Amino acid sequence: MSTAKRLPAFDKFIQELRAAWVVLPDTEARMRKARDLLEVLVQDESMRRTCKSWPDTDGGRRNLLFYEDPDYGFAINGVVHGANRKGSIHDHAHSWTAYGLLEGTETLERYRRVDDGSKEGYAKLEIETITQGTPGKVDLVPPFDIHAEQGGPAKSYGLILRSERVAGKVPQGNYDFETGAYRRVEGPTNVAYEITG
């Protein structure tokens, strides 16, 4: 993706992430710093304006792929969710994920697995926490944490930073709270999209 037309606030975010990857010693430290940087970005007025032009991503489990770093592998995605969207319960395998909202509200549900994992294709879950996501708020999801994002009453626009892109590379957990069914699935399809401005 070219840098010539990139929105300045977004380009600054990428450069700050690259700097963090250079100086910080491990993925957790990098992603904790990245969460703070993402909190600044999701409050930026130019980002909040440009997100309104992004295409919807609900149909066919898609993420917009804004950037994947050629040196450090972190990936920046975007999602546009319709009102009252019902999100699936999932994990992101070994990847750290920071999720921030630019516009709209969503509810983040976190789950804990309470069975011993011995039964193939089965995982008993309990709800651990439910928090309200609002514009400017960022949530950091550690590897293998089980969670779901549920849509609010209006369309929402989110930015996702992953320590690495796992979709299309590594199967991720998918869970059914009611039946206990568990399977490993490919993540959402990544659709290249440039943030310009």
# chains A, B, ... in the order shown; residues from 1 in each chain; ligands from 1
>>> residues_around(residues="stretch 99-115 of chain A", least_positions_apart="6", cutoff="8 Å", atoms="only C-alpha atoms", output="PyMOL selection string")
chain A and resi 38-39+42-43+47-48+51+123-141+145-161
>>> write_last_selection(atoms="C-alpha atoms", output="PDB file, in the first residue's frame")
ATOM      1  CA  LEU A  38      -4.593   3.388  19.417  1.00  0.00           C
ATOM      2  CA  GLU A  39      -6.552   5.299  22.061  1.00  0.00           C
ATOM      3  CA  VAL A  42      -9.552   6.527  17.684  1.00  0.00           C
ATOM      4  CA  GLN A  43     -10.111   9.988  19.157  1.00  0.00           C
ATOM      5  CA  MET A  47      -9.962   9.312  11.487  1.00  0.00           C
ATOM      6  CA  ARG A  48     -13.506   9.681  12.791  1.00  0.00           C
ATOM      7  CA  CYS A  51     -14.309   5.964   8.768  1.00  0.00           C
ATOM      8  CA  ALA A 123     -15.844 -26.248  25.351  1.00  0.00           C
ATOM      9  CA  LYS A 124     -18.071 -25.232  28.266  1.00  0.00           C
ATOM     10  CA  LEU A 125     -17.999 -21.471  28.769  1.00  0.00           C
ATOM     11  CA  GLU A 126     -19.072 -19.018  31.433  1.00  0.00           C
ATOM     12  CA  ILE A 127     -19.439 -15.283  30.935  1.00  0.00           C
ATOM     13  CA  GLU A 128     -16.652 -13.494  32.782  1.00  0.00           C
ATOM     14  CA  THR A 129     -17.350  -9.812  32.051  1.00  0.00           C
ATOM     15  CA  ILE A 130     -19.508  -7.615  29.847  1.00  0.00           C
ATOM     16  CA  THR A 131     -18.244  -4.094  29.140  1.00  0.00           C
ATOM     17  CA  GLN A 132     -19.602  -1.262  27.039  1.00  0.00           C
ATOM     18  CA  GLY A 133     -17.364  -0.062  24.216  1.00  0.00           C
ATOM     19  CA  THR A 134     -17.749   3.595  23.266  1.00  0.00           C
ATOM     20  CA  PRO A 135     -15.906   5.897  20.846  1.00  0.00           C
ATOM     21  CA  GLY A 136     -12.354   6.503  21.981  1.00  0.00           C
ATOM     22  CA  LYS A 137     -12.217   3.371  24.141  1.00  0.00           C
ATOM     23  CA  VAL A 138      -9.724   0.576  23.381  1.00  0.00           C
ATOM     24  CA  ASP A 139      -9.763  -2.975  24.714  1.00  0.00           C
ATOM     25  CA  LEU A 140      -6.677  -5.203  24.730  1.00  0.00           C
ATOM     26  CA  VAL A 141      -7.344  -8.911  24.180  1.00  0.00           C
ATOM     27  CA  ASP A 145      -8.856 -14.992  25.291  1.00  0.00           C
ATOM     28  CA  ILE A 146     -12.424 -15.975  24.398  1.00  0.00           C
ATOM     29  CA  HIS A 147     -14.671 -13.018  23.586  1.00  0.00           C
ATOM     30  CA  ALA A 148     -17.409 -11.599  21.367  1.00  0.00           C
ATOM     31  CA  GLU A 149     -18.333  -8.110  20.170  1.00  0.00           C
ATOM     32  CA  GLN A 150     -22.055  -7.381  20.043  1.00  0.00           C
ATOM     33  CA  GLY A 151     -23.486  -4.483  18.079  1.00  0.00           C
ATOM     34  CA  GLY A 152     -25.196  -1.477  19.602  1.00  0.00           C
ATOM     35  CA  PRO A 153     -28.315   0.340  18.377  1.00  0.00           C
ATOM     36  CA  ALA A 154     -26.501   2.067  15.479  1.00  0.00           C
ATOM     37  CA  LYS A 155     -23.729   1.269  13.009  1.00  0.00           C
ATOM     38  CA  SER A 156     -20.256   1.072  14.568  1.00  0.00           C
ATOM     39  CA  TYR A 157     -16.767   1.638  13.164  1.00  0.00           C
ATOM     40  CA  GLY A 158     -13.804  -0.103  14.745  1.00  0.00           C
ATOM     41  CA  LEU A 159     -10.035  -0.205  14.365  1.00  0.00           C
ATOM     42  CA  ILE A 160      -8.183  -3.418  15.185  1.00  0.00           C
ATOM     43  CA  LEU A 161      -4.462  -3.765  15.758  1.00  0.00           C
TER      44      LEU A 161
END
>>> select_by_dssp(residues="chain A", states="alpha helix (DSSP H)", output="number ranges by chain")
A: 8-23, 27-41, 45-50
>>> write_last_selection(atoms="N, CA and C atoms", output="tab-separated table (two decimals), in the first residue's frame")
chain	number	residue	atom	x	y	z
A	8	PRO	N	-2.59	11.55	7.37
A	8	PRO	CA	-1.45	11.85	8.24
A	8	PRO	C	-1.55	11.23	9.64
A	9	ALA	N	-2.71	11.28	10.27
A	9	ALA	CA	-2.85	10.71	11.62
A	9	ALA	C	-2.60	9.20	11.60
A	10	PHE	N	-3.05	8.55	10.54
A	10	PHE	CA	-2.85	7.10	10.43
A	10	PHE	C	-1.39	6.78	10.16
A	11	ASP	N	-0.75	7.57	9.31
A	11	ASP	CA	0.67	7.36	9.03
A	11	ASP	C	1.51	7.56	10.29
A	12	LYS	N	1.18	8.56	11.08
A	12	LYS	CA	1.89	8.81	12.35
A	12	LYS	C	1.74	7.61	13.28
A	13	PHE	N	0.54	7.05	13.35
A	13	PHE	CA	0.28	5.87	14.17
A	13	PHE	C	1.19	4.71	13.75
A	14	ILE	N	1.29	4.47	12.45
A	14	ILE	CA	2.15	3.39	11.95
A	14	ILE	C	3.60	3.63	12.36
A	15	GLN	N	4.08	4.85	12.20
A	15	GLN	CA	5.48	5.15	12.54
A	15	GLN	C	5.72	4.97	14.04
A	16	GLU	N	4.75	5.36	14.85
A	16	GLU	CA	4.90	5.18	16.30
A	16	GLU	C	4.88	3.70	16.69
A	17	LEU	N	4.07	2.91	16.01
A	17	LEU	CA	4.07	1.47	16.25
A	17	LEU	C	5.41	0.86	15.89
A	18	ARG	N	5.93	1.23	14.74
A	18	ARG	CA	7.23	0.70	14.31
A	18	ARG	C	8.32	1.05	15.32
A	19	ALA	N	8.28	2.26	15.84
A	19	ALA	CA	9.26	2.67	16.85
A	19	ALA	C	9.11	1.83	18.12
A	20	ALA	N	7.87	1.55	18.52
A	20	ALA	CA	7.64	0.73	19.71
A	20	ALA	C	8.17	-0.69	19.52
A	21	TRP	N	7.99	-1.22	18.33
A	21	TRP	CA	8.48	-2.58	18.06
A	21	TRP	C	10.00	-2.64	18.13
A	22	VAL	N	10.67	-1.54	17.81
A	22	VAL	CA	12.14	-1.50	17.86
A	22	VAL	C	12.64	-1.49	19.31
A	23	VAL	N	12.00	-0.68	20.18
A	23	VAL	CA	12.58	-0.47	21.51
A	23	VAL	C	12.03	-1.38	22.60
A	27	THR	N	6.26	-8.97	22.84
A	27	THR	CA	4.97	-8.67	22.23
A	27	THR	C	4.00	-8.04	23.21
A	28	GLU	N	3.95	-8.54	24.43
A	28	GLU	CA	3.01	-7.96	25.40
A	28	GLU	C	3.32	-6.49	25.66
A	29	ALA	N	4.58	-6.16	25.88
A	29	ALA	CA	4.97	-4.76	26.12
A	29	ALA	C	4.65	-3.89	24.91
A	30	ARG	N	4.89	-4.40	23.73
A	30	ARG	CA	4.59	-3.65	22.51
A	30	ARG	C	3.10	-3.39	22.38
A	31	MET	N	2.28	-4.41	22.66
A	31	MET	CA	0.85	-4.25	22.50
A	31	MET	C	0.25	-3.37	23.59
A	32	ARG	N	0.82	-3.36	24.76
A	32	ARG	CA	0.34	-2.44	25.80
A	32	ARG	C	0.62	-0.99	25.39
A	33	LYS	N	1.79	-0.74	24.82
A	33	LYS	CA	2.09	0.59	24.29
A	33	LYS	C	1.17	0.90	23.11
A	34	ALA	N	0.97	-0.08	22.26
A	34	ALA	CA	0.11	0.10	21.08
A	34	ALA	C	-1.32	0.44	21.47
A	35	ARG	N	-1.81	-0.15	22.56
A	35	ARG	CA	-3.15	0.19	23.04
A	35	ARG	C	-3.25	1.68	23.34
A	36	ASP	N	-2.23	2.22	23.99
A	36	ASP	CA	-2.23	3.65	24.31
A	36	ASP	C	-2.20	4.50	23.04
A	37	LEU	N	-1.41	4.07	22.06
A	37	LEU	CA	-1.33	4.80	20.78
A	37	LEU	C	-2.67	4.72	20.03
A	38	LEU	N	-3.31	3.56	20.09
A	38	LEU	CA	-4.59	3.39	19.42
A	38	LEU	C	-5.67	4.25	20.07
A	39	GLU	N	-5.59	4.43	21.38
A	39	GLU	CA	-6.55	5.30	22.06
A	39	GLU	C	-6.48	6.73	21.53
A	40	VAL	N	-5.28	7.18	21.21
A	40	VAL	CA	-5.12	8.52	20.62
A	40	VAL	C	-5.73	8.54	19.22
A	41	LEU	N	-5.45	7.51	18.43
A	41	LEU	CA	-5.91	7.47	17.05
A	41	LEU	C	-7.44	7.43	16.95
A	45	GLU	N	-10.03	13.39	15.04
A	45	GLU	CA	-11.18	13.83	14.24
A	45	GLU	C	-11.07	13.42	12.78
A	46	SER	N	-9.86	13.45	12.21
A	46	SER	CA	-9.73	13.06	10.80
A	46	SER	C	-10.02	11.58	10.60
A	47	MET	N	-9.64	10.74	11.57
A	47	MET	CA	-9.96	9.31	11.49
A	47	MET	C	-11.46	9.09	11.65
A	48	ARG	N	-12.07	9.85	12.55
A	48	ARG	CA	-13.51	9.68	12.79
A	48	ARG	C	-14.31	10.12	11.57
A	49	ARG	N	-13.80	11.10	10.85
A	49	ARG	CA	-14.50	11.53	9.62
A	49	ARG	C	-14.33	10.49	8.51
A	50	THR	N	-13.12	10.00	8.33
A	50	THR	CA	-12.86	9.11	7.19
A	50	THR	C	-13.52	7.75	7.35
>>> select_by_dssp(residues="chain A", states="strand (DSSP E)", output="PyMOL selection string")
chain A and resi 62-68+75-81+89-90+97-103+106-113+125-133+138-141+146-151+156-162+172-175+182-185+189-192
>>> write_last_selection(atoms="C-alpha atoms", output="compact mmCIF listing (two decimals), in the first residue's frame")
# COMPACT_ATOMS: atom_id res chain seq x y z
CA ARG A 62 -14.67 -9.63 6.40
CA ASN A 63 -12.09 -7.24 7.85
CA LEU A 64 -10.67 -4.29 5.99
CA LEU A 65 -6.88 -4.62 5.89
CA PHE A 66 -5.37 -1.15 6.16
CA TYR A 67 -1.74 -2.10 6.80
CA GLU A 68 0.50 -5.09 7.46
CA ALA A 75 -1.56 -5.71 11.10
CA ILE A 76 -4.15 -2.95 11.25
CA ASN A 77 -7.72 -3.82 10.31
CA GLY A 78 -11.04 -2.03 10.30
CA VAL A 79 -14.62 -3.21 10.70
CA VAL A 80 -17.97 -1.62 10.02
CA HIS A 81 -20.74 -3.40 11.89
CA ILE A 89 -17.72 -16.09 20.27
CA HIS A 90 -14.09 -16.58 19.25
CA THR A 97 -5.42 -7.79 19.64
CA ALA A 98 -6.30 -4.18 20.49
CA TYR A 99 -9.82 -3.14 19.48
CA GLY A 100 -10.95 0.48 19.50
CA LEU A 101 -14.15 2.22 18.44
CA LEU A 102 -14.24 5.36 16.31
CA GLU A 103 -18.02 5.68 16.14
CA GLU A 106 -20.57 -2.21 21.06
CA THR A 107 -20.64 -4.59 23.99
CA LEU A 108 -17.55 -6.70 24.61
CA GLU A 109 -18.28 -10.05 26.21
CA ARG A 110 -15.42 -12.02 27.74
CA TYR A 111 -15.75 -15.70 28.51
CA ARG A 112 -13.79 -18.24 30.50
CA ARG A 113 -13.57 -21.90 29.64
CA LEU A 125 -18.00 -21.47 28.77
CA GLU A 126 -19.07 -19.02 31.43
CA ILE A 127 -19.44 -15.28 30.94
CA GLU A 128 -16.65 -13.49 32.78
CA THR A 129 -17.35 -9.81 32.05
CA ILE A 130 -19.51 -7.61 29.85
CA THR A 131 -18.24 -4.09 29.14
CA GLN A 132 -19.60 -1.26 27.04
CA GLY A 133 -17.36 -0.06 24.22
CA VAL A 138 -9.72 0.58 23.38
CA ASP A 139 -9.76 -2.97 24.71
CA LEU A 140 -6.68 -5.20 24.73
CA VAL A 141 -7.34 -8.91 24.18
CA ILE A 146 -12.42 -15.98 24.40
CA HIS A 147 -14.67 -13.02 23.59
CA ALA A 148 -17.41 -11.60 21.37
CA GLU A 149 -18.33 -8.11 20.17
CA GLN A 150 -22.06 -7.38 20.04
CA GLY A 151 -23.49 -4.48 18.08
CA SER A 156 -20.26 1.07 14.57
CA TYR A 157 -16.77 1.64 13.16
CA GLY A 158 -13.80 -0.10 14.75
CA LEU A 159 -10.04 -0.20 14.37
CA ILE A 160 -8.18 -3.42 15.18
CA LEU A 161 -4.46 -3.77 15.76
CA ARG A 162 -3.14 -7.31 15.81
CA GLN A 172 -8.75 -19.62 15.51
CA GLY A 173 -11.23 -20.86 18.09
CA ASN A 174 -14.97 -20.57 17.45
CA TYR A 175 -17.38 -21.35 20.28
CA TYR A 182 -15.99 -25.83 19.65
CA ARG A 183 -14.03 -25.81 16.42
CA ARG A 184 -10.98 -24.19 14.83
CA VAL A 185 -11.83 -21.98 11.86
CA THR A 189 -11.29 -12.54 5.00
CA ASN A 190 -8.95 -9.55 4.73
CA VAL A 191 -9.95 -6.97 2.11
CA ALA A 192 -7.22 -4.46 1.27
>>> closest_residue(among="A:Val170, A:Ala181, A:Ile195, A:Ala93", to="A:Pro55", atoms="only C-alpha atoms")
A:Ile195
>>> closest_residue(among="A:Gly82, A:Pro142, A:Pro70, A:Asp176", to="A:Thr57", atoms="only C-alpha atoms")
A:Gly82
>>> atom_distance(atom1="atom CA of A:Asp91", atom2="atom CA of A:Gly180")
14.8 Å
>>> atom_distance(atom1="atom CA of A:Ser95", atom2="atom CA of A:Lys5")
29.1 Å
>>> closest_residue(among="A:Phe177, A:Phe144, A:Trp96, A:Phe74", to="A:Tyr122", atoms="only C-alpha atoms")
A:Phe177
>>> atom_distance(atom1="atom CA of A:Ala83", atom2="atom CA of A:Glu194")
24.2 Å
>>> decode(residues="stretch 25-43 of chain A", atoms="N, CA and C atoms", output="PDB file, in the first residue's frame")
ATOM      1  N   PRO A  25      10.783  -4.913  24.424  1.00  0.00           N
ATOM      2  CA  PRO A  25      11.420  -6.226  24.368  1.00  0.00           C
ATOM      3  C   PRO A  25      10.550  -7.395  23.944  1.00  0.00           C
ATOM      4  N   ASP A  26       9.226  -7.289  24.103  1.00  0.00           N
ATOM      5  CA  ASP A  26       8.394  -8.452  23.812  1.00  0.00           C
ATOM      6  C   ASP A  26       7.020  -8.012  23.314  1.00  0.00           C
ATOM      7  N   THR A  27       6.263  -8.971  22.839  1.00  0.00           N
ATOM      8  CA  THR A  27       4.969  -8.674  22.225  1.00  0.00           C
ATOM      9  C   THR A  27       3.996  -8.043  23.207  1.00  0.00           C
ATOM     10  N   GLU A  28       3.953  -8.537  24.429  1.00  0.00           N
ATOM     11  CA  GLU A  28       3.009  -7.964  25.400  1.00  0.00           C
ATOM     12  C   GLU A  28       3.324  -6.487  25.661  1.00  0.00           C
ATOM     13  N   ALA A  29       4.582  -6.163  25.880  1.00  0.00           N
ATOM     14  CA  ALA A  29       4.966  -4.763  26.124  1.00  0.00           C
ATOM     15  C   ALA A  29       4.646  -3.892  24.914  1.00  0.00           C
ATOM     16  N   ARG A  30       4.891  -4.403  23.730  1.00  0.00           N
ATOM     17  CA  ARG A  30       4.593  -3.655  22.507  1.00  0.00           C
ATOM     18  C   ARG A  30       3.099  -3.388  22.378  1.00  0.00           C
ATOM     19  N   MET A  31       2.285  -4.410  22.658  1.00  0.00           N
ATOM     20  CA  MET A  31       0.849  -4.252  22.495  1.00  0.00           C
ATOM     21  C   MET A  31       0.245  -3.372  23.590  1.00  0.00           C
ATOM     22  N   ARG A  32       0.825  -3.356  24.761  1.00  0.00           N
ATOM     23  CA  ARG A  32       0.338  -2.437  25.804  1.00  0.00           C
ATOM     24  C   ARG A  32       0.616  -0.987  25.388  1.00  0.00           C
ATOM     25  N   LYS A  33       1.791  -0.745  24.825  1.00  0.00           N
ATOM     26  CA  LYS A  33       2.095   0.590  24.295  1.00  0.00           C
ATOM     27  C   LYS A  33       1.173   0.900  23.112  1.00  0.00           C
ATOM     28  N   ALA A  34       0.968  -0.082  22.259  1.00  0.00           N
ATOM     29  CA  ALA A  34       0.115   0.099  21.080  1.00  0.00           C
ATOM     30  C   ALA A  34      -1.321   0.442  21.469  1.00  0.00           C
ATOM     31  N   ARG A  35      -1.809  -0.145  22.556  1.00  0.00           N
ATOM     32  CA  ARG A  35      -3.153   0.189  23.038  1.00  0.00           C
ATOM     33  C   ARG A  35      -3.247   1.682  23.340  1.00  0.00           C
ATOM     34  N   ASP A  36      -2.231   2.220  23.989  1.00  0.00           N
ATOM     35  CA  ASP A  36      -2.231   3.652  24.308  1.00  0.00           C
ATOM     36  C   ASP A  36      -2.198   4.496  23.036  1.00  0.00           C
ATOM     37  N   LEU A  37      -1.409   4.072  22.063  1.00  0.00           N
ATOM     38  CA  LEU A  37      -1.332   4.797  20.783  1.00  0.00           C
ATOM     39  C   LEU A  37      -2.666   4.720  20.034  1.00  0.00           C
ATOM     40  N   LEU A  38      -3.311   3.555  20.092  1.00  0.00           N
ATOM     41  CA  LEU A  38      -4.593   3.388  19.417  1.00  0.00           C
ATOM     42  C   LEU A  38      -5.666   4.254  20.070  1.00  0.00           C
ATOM     43  N   GLU A  39      -5.592   4.431  21.383  1.00  0.00           N
ATOM     44  CA  GLU A  39      -6.552   5.299  22.061  1.00  0.00           C
ATOM     45  C   GLU A  39      -6.480   6.729  21.530  1.00  0.00           C
ATOM     46  N   VAL A  40      -5.283   7.183  21.211  1.00  0.00           N
ATOM     47  CA  VAL A  40      -5.122   8.520  20.619  1.00  0.00           C
ATOM     48  C   VAL A  40      -5.726   8.543  19.218  1.00  0.00           C
ATOM     49  N   LEU A  41      -5.448   7.508  18.432  1.00  0.00           N
ATOM     50  CA  LEU A  41      -5.914   7.472  17.049  1.00  0.00           C
ATOM     51  C   LEU A  41      -7.439   7.425  16.954  1.00  0.00           C
ATOM     52  N   VAL A  42      -8.092   6.635  17.805  1.00  0.00           N
ATOM     53  CA  VAL A  42      -9.552   6.527  17.684  1.00  0.00           C
ATOM     54  C   VAL A  42     -10.274   7.779  18.180  1.00  0.00           C
ATOM     55  N   GLN A  43      -9.537   8.698  18.767  1.00  0.00           N
ATOM     56  CA  GLN A  43     -10.111   9.988  19.157  1.00  0.00           C
ATOM     57  C   GLN A  43      -9.794  11.092  18.142  1.00  0.00           C
TER      58      GLN A  43
END
